[in-house]
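Taking it in order: structure first as structure tokens, then the write-up.
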Amino acid sequence: MTLSLYNTLTRQKEPFAPLQPGRVTMYVCGPTVYSFPHIGNARPAVVFDVLARLLRTRYQLTYARNITDIDDKINRAAAEEGVPIGEIAARYAKAYHADMRALGVLPPDIEPRATEHLASIIRMISGLIDSGHAYTAEGHVLFRVASYADYGALSRRDQRELLAGARVEVAPYKEGAGDFVLWKPSTPDLPGWDSPWGRGRPGWHIECSAMVAEHLGPTIDIHGGGNDLIFPHHENEIAQSSCSNGGALFARYWLHNGFVNVDHTKMSKSLGNVLLVRNLLEQAPGEAIRLALLAAHYRQPLDWTSEVLPEAQRKLDRLYGALRDVEGWQALEAGPDAAFIAALDDDLNTPQALAVLFNLARDANRSTDPAERAALAARLRASAVLLGLLGADPDAWFMTEVSDGLTAEQIETMLAARRAARTDRDFRLADQIRDELVEAGILIEDSAEGTRWRRSAG
RNA sequence: GGCUAGGUGGCAGAAUGGUUAUGCAGCGGCCUGCAAAGCCGCGUAUGCCGGUUCGAUUCCGACCCUAGCCUCCA
């Protein structure tokens, strides 16, 4: 029962062991709060939430996920609306929290913001200048990539090739083409903070380095984020942090989630295919969105199509259906299934873990022994909760009213009429009522105990 | 051009040197007044070409194709 994780640094699965026995530090790159979160923002939040839940069963975890609230995209949004950047950041941070909560993402232990860490950022930059890893030029402070021999180790890029292959116009004040900004000057119309190098603002990469150092120390166990961040963001973080800490290893395990594509193409503003979480929440419960994100392995790309959400909802119908049909599991103390844990331990193989859940559901449905059924259902529930699923009451899951549909009261009235018709053996009328309900998105199920209803899955 | 992932049944998506999950969809059956749910059963897949091997979807090599990164991006 050992957790193994695929480490981008070594490109292999490695057994996980924390630096300090019993304690784990994890940092995940959070959102830049300049607009509403989209489904691609949600994937790392959900994936690392699952990892956090798993780690907490064994270790004392300190999980930090930052909010980037200093950024030129925020500046642009603020300028467009004519409001302070704080207003933009506050608005979208709030939206992020609301959306993530809807997806069942638990809050991290620490949620540092760049605006609250200017002192740390400035201190780190000063240190890098003092140690020769950074230099000032025309009001900027730049990191001297040539001063860090291991630059490129994470992204497997050769420094010389990077320089030779630079396709972007290189600013004339840079010593090396690959040098990146730690601090840049702000014009009077832009947000800025006073520093030894004049009024300006930090580069994106240094924000994360400073916040990691302040909250988690020089070496952390796990650093996560989207795989697009490998270069340059994480490569730069490593350079800054390692050089600030006398060459100490910055992060021991680097984890990167794959992208979410939409209808086989990349999601981008220019294509107009950005799927916002808040819009998806109008189509399906957050739990279905969460399951859809966990249905593929976190390192694989995930293609989001119109089929994904209804299918996820039907999967949850099946799992909740097993819980609903079994009695007495609520009172049982149960732990997660061993095969389920083994799947998660294998580099967070959530598709495999979900398969175990479906097996448990089938076994519970199949069994005729009430005690065994209850035990299986309890184990199903205890397992699923680690994924942040099946936390709701099964009846609540099935009988959530559709916002524009019939009320529960109206449905009950129709069911009563149908019951009367059936008693009279007037099946034509009974079936007619049932058809009306189906058209309203309500499915009914007759059993020896009576008739129950559920809304259909989109 | 460099780097990194992939190409598995109708769809989604795991795994594996020999028996190939799971879910959705489909088909047959049980149950039901009929359905639904559930259960039982069935069907169809490992891009292409070589190599290693008793045996490869799995390992190795070439090729084709797809996606991502190399520039802000989860």
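In the structure tokens, chains take letters A, B, ... by order of appearance, with residues numbered from 1 within each chain and ligands from 1 in the order shown.
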**OP:** Write down, as a ChimeraX atom specification, each residue of chain B that has any atom within 12 Å of an atom of chain A, counting only C-alpha atoms (C1' of nucleotides).
**Re:** /B:1-6,11-15,21-25,31-40,66-74
Original post:
Leu3 of chain A: which residues within 9 Å, counting only C-alpha atoms (C1' of nucleotides), same-chain residues fewer than 5 positions away excluded, as a ChimeraX atom specification?
Top reply: /A:14-17,342,344-348
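One finds atom CA of Val326 of chain A at 27.9 Å from atom CA of Asp435 of chain A.
Here atom CA of Leu360 of chain A is placed at a distance of 6.0 Å from atom CA of Leu380 of chain A.
The closest residue to Leu415 of chain A, picked from A:Leu291, A:Thr451, A:Ala384, A:Thr400 and counting only C-alpha atoms, is A:Thr451.
The two atoms in question, atom CA of His117 of chain A and atom CA of Leu61 of chain A, are spaced 22.4 Å apart.
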What lies within 10 Å of U46 of chain B using only C-alpha atoms (C1' of nucleotides), ignoring chain neighbours under 4 positions off, as a PDB file with C-alpha atoms (C1' of nucleotides), in the first residue's frame?
```
ATOM      1  C1'   G B   7      -3.193   6.244 -31.213  1.00  0.00           C
ATOM      2  C1'   U B   8      -7.562   0.109 -27.458  1.00  0.00           C
ATOM      3  C1'   G B   9     -14.653  -2.255 -29.231  1.00  0.00           C
ATOM      4  C1'   U B  20      -8.296  -7.801 -22.166  1.00  0.00           C
ATOM      5  C1'   U B  57      -2.014  -4.959 -28.007  1.00  0.00           C
ATOM      6  C1'   U B  58       1.929  -4.987 -24.275  1.00  0.00           C
TER       7        U B  58
END
```
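Distance annotation: of B:G43, B:G10, B:G28, B:G17, the residue with the minimal separation from C59 of chain B is B:G17; atom set is only C-alpha atoms (C1' of nucleotides).
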**OP:** Could you pull out the residues in segment 44-257 of chain A that DSSP calls alpha helix (DSSP H) from the backbone, as an MDAnalysis selection string?
**Re:** chainID A and resid 44:56 72:81 85:102 118:130 159:165 204:216 235:244
Subject >> 12 Å contact set for C49 of chain B, only C-alpha atoms (C1' of nucleotides), chain neighbours under 4 positions out, as number ranges by chain >> reply: B: 61-64
Neighbours of segment 151-153 of chain A within 12 Å (only C-alpha atoms (C1' of nucleotides); same-chain residues fewer than 6 positions away dropped), as a short mmCIF file (atom, residue, chain, number, x, y, z; two decimals) with all heavy atoms, in the first residue's frame?
```cif
data_model
loop_
_atom_site.label_atom_id
_atom_site.label_comp_id
_atom_site.auth_asym_id
_atom_site.auth_seq_id
_atom_site.Cartn_x
_atom_site.Cartn_y
_atom_site.Cartn_z
N THR A 8 7.34 14.41 -13.05
CA THR A 8 7.75 15.01 -14.32
C THR A 8 9.26 15.22 -14.37
O THR A 8 9.86 15.17 -15.44
CB THR A 8 7.04 16.37 -14.52
OG1 THR A 8 5.64 16.19 -14.40
CG2 THR A 8 7.35 16.95 -15.90
N LEU A 9 9.84 15.43 -13.21
CA LEU A 9 11.28 15.68 -13.15
C LEU A 9 12.08 14.48 -13.64
O LEU A 9 13.08 14.62 -14.32
CB LEU A 9 11.65 16.00 -11.70
CG LEU A 9 12.95 16.76 -11.41
CD1 LEU A 9 13.00 18.07 -12.19
CD2 LEU A 9 13.05 17.04 -9.92
N THR A 10 11.63 13.28 -13.31
CA THR A 10 12.35 12.07 -13.69
C THR A 10 11.64 11.30 -14.79
O THR A 10 12.16 10.32 -15.30
CB THR A 10 12.52 11.14 -12.48
OG1 THR A 10 11.22 10.82 -11.96
CG2 THR A 10 13.35 11.80 -11.40
N ARG A 11 10.45 11.72 -15.11
CA ARG A 11 9.62 11.05 -16.12
C ARG A 11 9.37 9.59 -15.77
O ARG A 11 9.40 8.71 -16.61
CB ARG A 11 10.25 11.12 -17.52
CG ARG A 11 10.77 12.49 -17.89
CD ARG A 11 9.68 13.39 -18.43
NE ARG A 11 10.07 14.79 -18.26
CZ ARG A 11 9.78 15.77 -19.11
NH1 ARG A 11 9.08 15.52 -20.16
NH2 ARG A 11 10.16 16.99 -18.86
N PHE A 143 16.34 37.53 -14.30
CA PHE A 143 17.06 36.35 -13.82
C PHE A 143 18.08 35.95 -14.87
O PHE A 143 17.77 35.88 -16.07
CB PHE A 143 16.09 35.20 -13.56
CG PHE A 143 16.77 34.01 -12.92
CD1 PHE A 143 16.87 33.93 -11.53
CD2 PHE A 143 17.34 33.00 -13.69
CE1 PHE A 143 17.51 32.84 -10.93
CE2 PHE A 143 17.98 31.93 -13.11
CZ PHE A 143 18.07 31.84 -11.72
N ARG A 144 19.31 35.70 -14.39
CA ARG A 144 20.40 35.34 -15.29
C ARG A 144 20.41 33.81 -15.46
O ARG A 144 20.97 33.08 -14.66
CB ARG A 144 21.72 35.83 -14.69
CG ARG A 144 22.95 35.61 -15.55
CD ARG A 144 24.20 36.19 -14.88
NE ARG A 144 24.32 37.63 -15.08
CZ ARG A 144 24.44 38.53 -14.09
NH1 ARG A 144 24.44 38.13 -12.84
NH2 ARG A 144 24.55 39.80 -14.37
N VAL A 145 19.77 33.38 -16.51
CA VAL A 145 19.60 31.93 -16.71
C VAL A 145 20.95 31.21 -16.80
O VAL A 145 21.11 30.09 -16.31
CB VAL A 145 18.76 31.66 -17.99
CG1 VAL A 145 18.84 30.20 -18.40
CG2 VAL A 145 17.30 32.04 -17.74
N GLN A 159 19.70 24.64 -22.71
CA GLN A 159 19.84 26.10 -22.68
C GLN A 159 20.26 26.68 -24.03
O GLN A 159 19.71 27.66 -24.50
CB GLN A 159 20.88 26.51 -21.65
CG GLN A 159 20.31 26.74 -20.27
CD GLN A 159 21.29 27.48 -19.38
OE1 GLN A 159 21.77 28.55 -19.75
NE2 GLN A 159 21.60 26.90 -18.25
N ARG A 160 21.26 26.06 -24.62
CA ARG A 160 21.76 26.62 -25.89
C ARG A 160 20.70 26.58 -26.97
O ARG A 160 20.54 27.50 -27.74
CB ARG A 160 23.01 25.85 -26.35
CG ARG A 160 24.25 26.18 -25.55
CD ARG A 160 25.32 25.14 -25.76
NE ARG A 160 24.83 23.80 -25.41
CZ ARG A 160 25.56 22.69 -25.50
NH1 ARG A 160 26.79 22.76 -25.95
NH2 ARG A 160 25.05 21.53 -25.14
N GLU A 161 19.95 25.47 -26.98
CA GLU A 161 18.88 25.39 -27.97
C GLU A 161 17.81 26.42 -27.72
O GLU A 161 17.23 26.99 -28.63
CB GLU A 161 18.25 23.99 -27.94
CG GLU A 161 19.05 22.96 -28.69
CD GLU A 161 18.42 21.59 -28.57
OE1 GLU A 161 17.26 21.50 -28.15
OE2 GLU A 161 19.11 20.61 -28.88
N LEU A 162 17.57 26.65 -26.44
CA LEU A 162 16.57 27.65 -26.10
C LEU A 162 16.98 29.01 -26.65
O LEU A 162 16.18 29.74 -27.21
CB LEU A 162 16.44 27.76 -24.57
CG LEU A 162 15.49 26.77 -23.91
CD1 LEU A 162 15.52 26.95 -22.42
CD2 LEU A 162 14.09 26.97 -24.44
N LEU A 163 18.25 29.31 -26.46
CA LEU A 163 18.73 30.60 -26.94
C LEU A 163 18.66 30.66 -28.46
O LEU A 163 18.16 31.61 -29.04
CB LEU A 163 20.17 30.83 -26.48
CG LEU A 163 20.35 30.81 -24.95
CD1 LEU A 163 21.79 31.13 -24.60
CD2 LEU A 163 19.41 31.81 -24.29
N GLY A 178 17.18 33.92 -22.90
CA GLY A 178 16.27 33.18 -22.05
C GLY A 178 16.03 33.82 -20.70
O GLY A 178 15.23 33.32 -19.90
N ASP A 179 16.71 34.90 -20.42
CA ASP A 179 16.53 35.56 -19.13
C ASP A 179 15.09 36.04 -18.99
O ASP A 179 14.49 36.52 -19.96
CB ASP A 179 17.50 36.74 -19.01
CG ASP A 179 18.95 36.26 -18.95
OD1 ASP A 179 19.16 35.04 -18.87
OD2 ASP A 179 19.86 37.11 -18.99
N ILE A 230 4.81 23.66 -17.21
CA ILE A 230 6.15 23.08 -17.07
C ILE A 230 7.20 24.07 -17.58
O ILE A 230 8.19 24.34 -16.92
CB ILE A 230 6.25 21.76 -17.84
CG1 ILE A 230 5.33 20.70 -17.22
CG2 ILE A 230 7.70 21.25 -17.85
CD1 ILE A 230 5.22 19.42 -18.02
N PHE A 231 6.93 24.60 -18.76
CA PHE A 231 7.80 25.64 -19.27
C PHE A 231 6.96 26.81 -19.74
O PHE A 231 5.97 26.61 -20.45
CB PHE A 231 8.65 25.13 -20.45
CG PHE A 231 9.69 26.10 -20.86
CD1 PHE A 231 10.96 26.09 -20.28
CD2 PHE A 231 9.40 27.09 -21.80
CE1 PHE A 231 11.90 27.01 -20.63
CE2 PHE A 231 10.36 28.02 -22.16
CZ PHE A 231 11.61 27.99 -21.57
N PRO A 232 7.33 28.02 -19.36
CA PRO A 232 8.49 28.36 -18.54
C PRO A 232 8.24 28.44 -17.04
O PRO A 232 9.19 28.50 -16.26
CB PRO A 232 8.85 29.74 -19.06
CG PRO A 232 7.54 30.36 -19.43
CD PRO A 232 6.68 29.22 -19.92
N HIS A 233 6.95 28.44 -16.64
CA HIS A 233 6.66 28.82 -15.26
C HIS A 233 7.40 27.97 -14.22
O HIS A 233 8.09 28.49 -13.35
CB HIS A 233 5.15 28.78 -15.02
CG HIS A 233 4.74 29.28 -13.67
ND1 HIS A 233 5.10 30.51 -13.19
CD2 HIS A 233 4.02 28.69 -12.68
CE1 HIS A 233 4.60 30.68 -11.98
NE2 HIS A 233 3.95 29.58 -11.64
N HIS A 234 7.23 26.67 -14.32
CA HIS A 234 7.84 25.84 -13.28
C HIS A 234 9.36 25.75 -13.41
O HIS A 234 10.07 25.67 -12.42
CB HIS A 234 7.19 24.45 -13.30
CG HIS A 234 5.78 24.47 -12.81
ND1 HIS A 234 4.87 23.48 -13.07
CD2 HIS A 234 5.10 25.41 -12.09
CE1 HIS A 234 3.70 23.78 -12.51
NE2 HIS A 234 3.81 24.95 -11.92
N GLU A 235 9.82 25.78 -14.63
CA GLU A 235 11.27 25.80 -14.84
C GLU A 235 11.86 27.04 -14.16
O GLU A 235 12.91 26.97 -13.50
CB GLU A 235 11.56 25.84 -16.35
CG GLU A 235 12.98 25.49 -16.72
CD GLU A 235 13.27 24.01 -16.53
OE1 GLU A 235 12.79 23.16 -17.30
OE2 GLU A 235 14.02 23.70 -15.59
N ASN A 236 11.19 28.14 -14.31
CA ASN A 236 11.67 29.38 -13.71
C ASN A 236 11.55 29.39 -12.20
O ASN A 236 12.42 29.90 -11.49
CB ASN A 236 10.91 30.58 -14.31
CG ASN A 236 11.27 30.78 -15.78
OD1 ASN A 236 12.15 30.12 -16.30
ND2 ASN A 236 10.56 31.69 -16.44
N GLU A 237 10.47 28.80 -11.72
CA GLU A 237 10.32 28.68 -10.27
C GLU A 237 11.49 27.91 -9.67
O GLU A 237 12.04 28.29 -8.64
CB GLU A 237 9.03 27.93 -9.93
CG GLU A 237 7.82 28.78 -9.74
CD GLU A 237 6.66 27.95 -9.21
OE1 GLU A 237 6.77 27.43 -8.09
OE2 GLU A 237 5.67 27.80 -9.94
N ILE A 238 11.83 26.81 -10.34
CA ILE A 238 12.94 26.01 -9.84
C ILE A 238 14.21 26.83 -9.79
O ILE A 238 14.93 26.85 -8.79
CB ILE A 238 13.16 24.76 -10.73
CG1 ILE A 238 11.99 23.80 -10.59
CG2 ILE A 238 14.46 24.07 -10.37
CD1 ILE A 238 12.02 22.62 -11.56
N ALA A 239 14.48 27.55 -10.87
CA ALA A 239 15.71 28.34 -10.93
C ALA A 239 15.74 29.39 -9.82
O ALA A 239 16.73 29.52 -9.08
CB ALA A 239 15.81 29.01 -12.31
N GLN A 240 14.65 30.11 -9.67
CA GLN A 240 14.60 31.16 -8.65
C GLN A 240 14.73 30.60 -7.25
O GLN A 240 15.51 31.10 -6.44
CB GLN A 240 13.25 31.88 -8.73
CG GLN A 240 12.99 32.63 -10.01
CD GLN A 240 11.50 32.89 -10.21
OE1 GLN A 240 10.65 32.23 -9.61
NE2 GLN A 240 11.20 33.84 -11.05
N SER A 241 13.96 29.58 -6.97
CA SER A 241 13.92 29.06 -5.60
C SER A 241 15.21 28.35 -5.25
O SER A 241 15.76 28.53 -4.16
CB SER A 241 12.74 28.10 -5.44
OG SER A 241 11.53 28.82 -5.56
N SER A 242 15.69 27.55 -6.18
CA SER A 242 16.92 26.82 -5.89
C SER A 242 18.08 27.79 -5.68
O SER A 242 18.86 27.65 -4.73
CB SER A 242 17.22 25.86 -7.04
OG SER A 242 18.34 25.08 -6.74
N CYS A 243 18.19 28.80 -6.52
CA CYS A 243 19.28 29.77 -6.39
C CYS A 243 19.11 30.63 -5.14
O CYS A 243 20.10 31.15 -4.61
CB CYS A 243 19.34 30.65 -7.64
SG CYS A 243 19.91 29.75 -9.09
N GLY A 247 21.02 26.41 -3.69
CA GLY A 247 21.04 25.22 -4.53
C GLY A 247 20.19 24.08 -4.01
O GLY A 247 20.19 22.99 -4.59
N TRP A 254 7.17 16.52 -9.00
CA TRP A 254 6.44 17.47 -9.85
C TRP A 254 5.31 16.72 -10.55
O TRP A 254 5.55 15.76 -11.28
CB TRP A 254 7.37 18.08 -10.90
CG TRP A 254 8.25 19.15 -10.34
CD1 TRP A 254 9.50 18.99 -9.82
CD2 TRP A 254 7.94 20.55 -10.24
NE1 TRP A 254 9.99 20.22 -9.40
CE2 TRP A 254 9.06 21.18 -9.65
CE3 TRP A 254 6.83 21.33 -10.59
CZ2 TRP A 254 9.09 22.56 -9.40
CZ3 TRP A 254 6.87 22.69 -10.34
CH2 TRP A 254 7.99 23.29 -9.75
P C B 3 14.41 16.26 -29.87
OP1 C B 3 15.50 15.40 -29.37
OP2 C B 3 13.55 15.81 -30.99
"O5'" C B 3 13.49 16.66 -28.65
"C5'" C B 3 14.05 17.20 -27.47
"C4'" C B 3 12.96 17.64 -26.53
"O4'" C B 3 12.18 18.70 -27.15
"C3'" C B 3 11.91 16.59 -26.21
"O3'" C B 3 12.35 15.67 -25.23
"C2'" C B 3 10.76 17.46 -25.72
"O2'" C B 3 10.99 17.94 -24.42
"C1'" C B 3 10.83 18.63 -26.70
N1 C B 3 9.94 18.40 -27.86
C2 C B 3 8.57 18.64 -27.68
O2 C B 3 8.18 19.01 -26.57
N3 C B 3 7.72 18.43 -28.71
C4 C B 3 8.19 18.03 -29.89
N4 C B 3 7.32 17.85 -30.87
C5 C B 3 9.59 17.78 -30.11
C6 C B 3 10.42 17.97 -29.07
P C B 70 4.21 27.50 -24.91
OP1 C B 70 4.22 28.56 -23.90
OP2 C B 70 3.30 27.58 -26.05
"O5'" C B 70 5.69 27.30 -25.45
"C5'" C B 70 6.76 27.14 -24.54
"C4'" C B 70 8.02 26.92 -25.30
"O4'" C B 70 7.93 25.72 -26.10
"C3'" C B 70 8.38 27.99 -26.32
"O3'" C B 70 8.99 29.09 -25.66
"C2'" C B 70 9.36 27.26 -27.21
"O2'" C B 70 10.65 27.22 -26.65
"C1'" C B 70 8.77 25.85 -27.22
N1 C B 70 7.98 25.57 -28.44
C2 C B 70 8.67 25.11 -29.55
O2 C B 70 9.90 24.97 -29.47
N3 C B 70 7.98 24.83 -30.69
C4 C B 70 6.67 25.01 -30.72
N4 C B 70 6.04 24.72 -31.85
C5 C B 70 5.94 25.49 -29.59
C6 C B 70 6.63 25.75 -28.47
#
```
Original post:
Can you list, as a count of residues only, every protein, DNA or RNA residue that comes within 6 Å of Ala114 of chain A when you count only C-alpha atoms (C1' of nucleotides), leaving out same-chain residues fewer than 4 positions away?
Top reply: 3
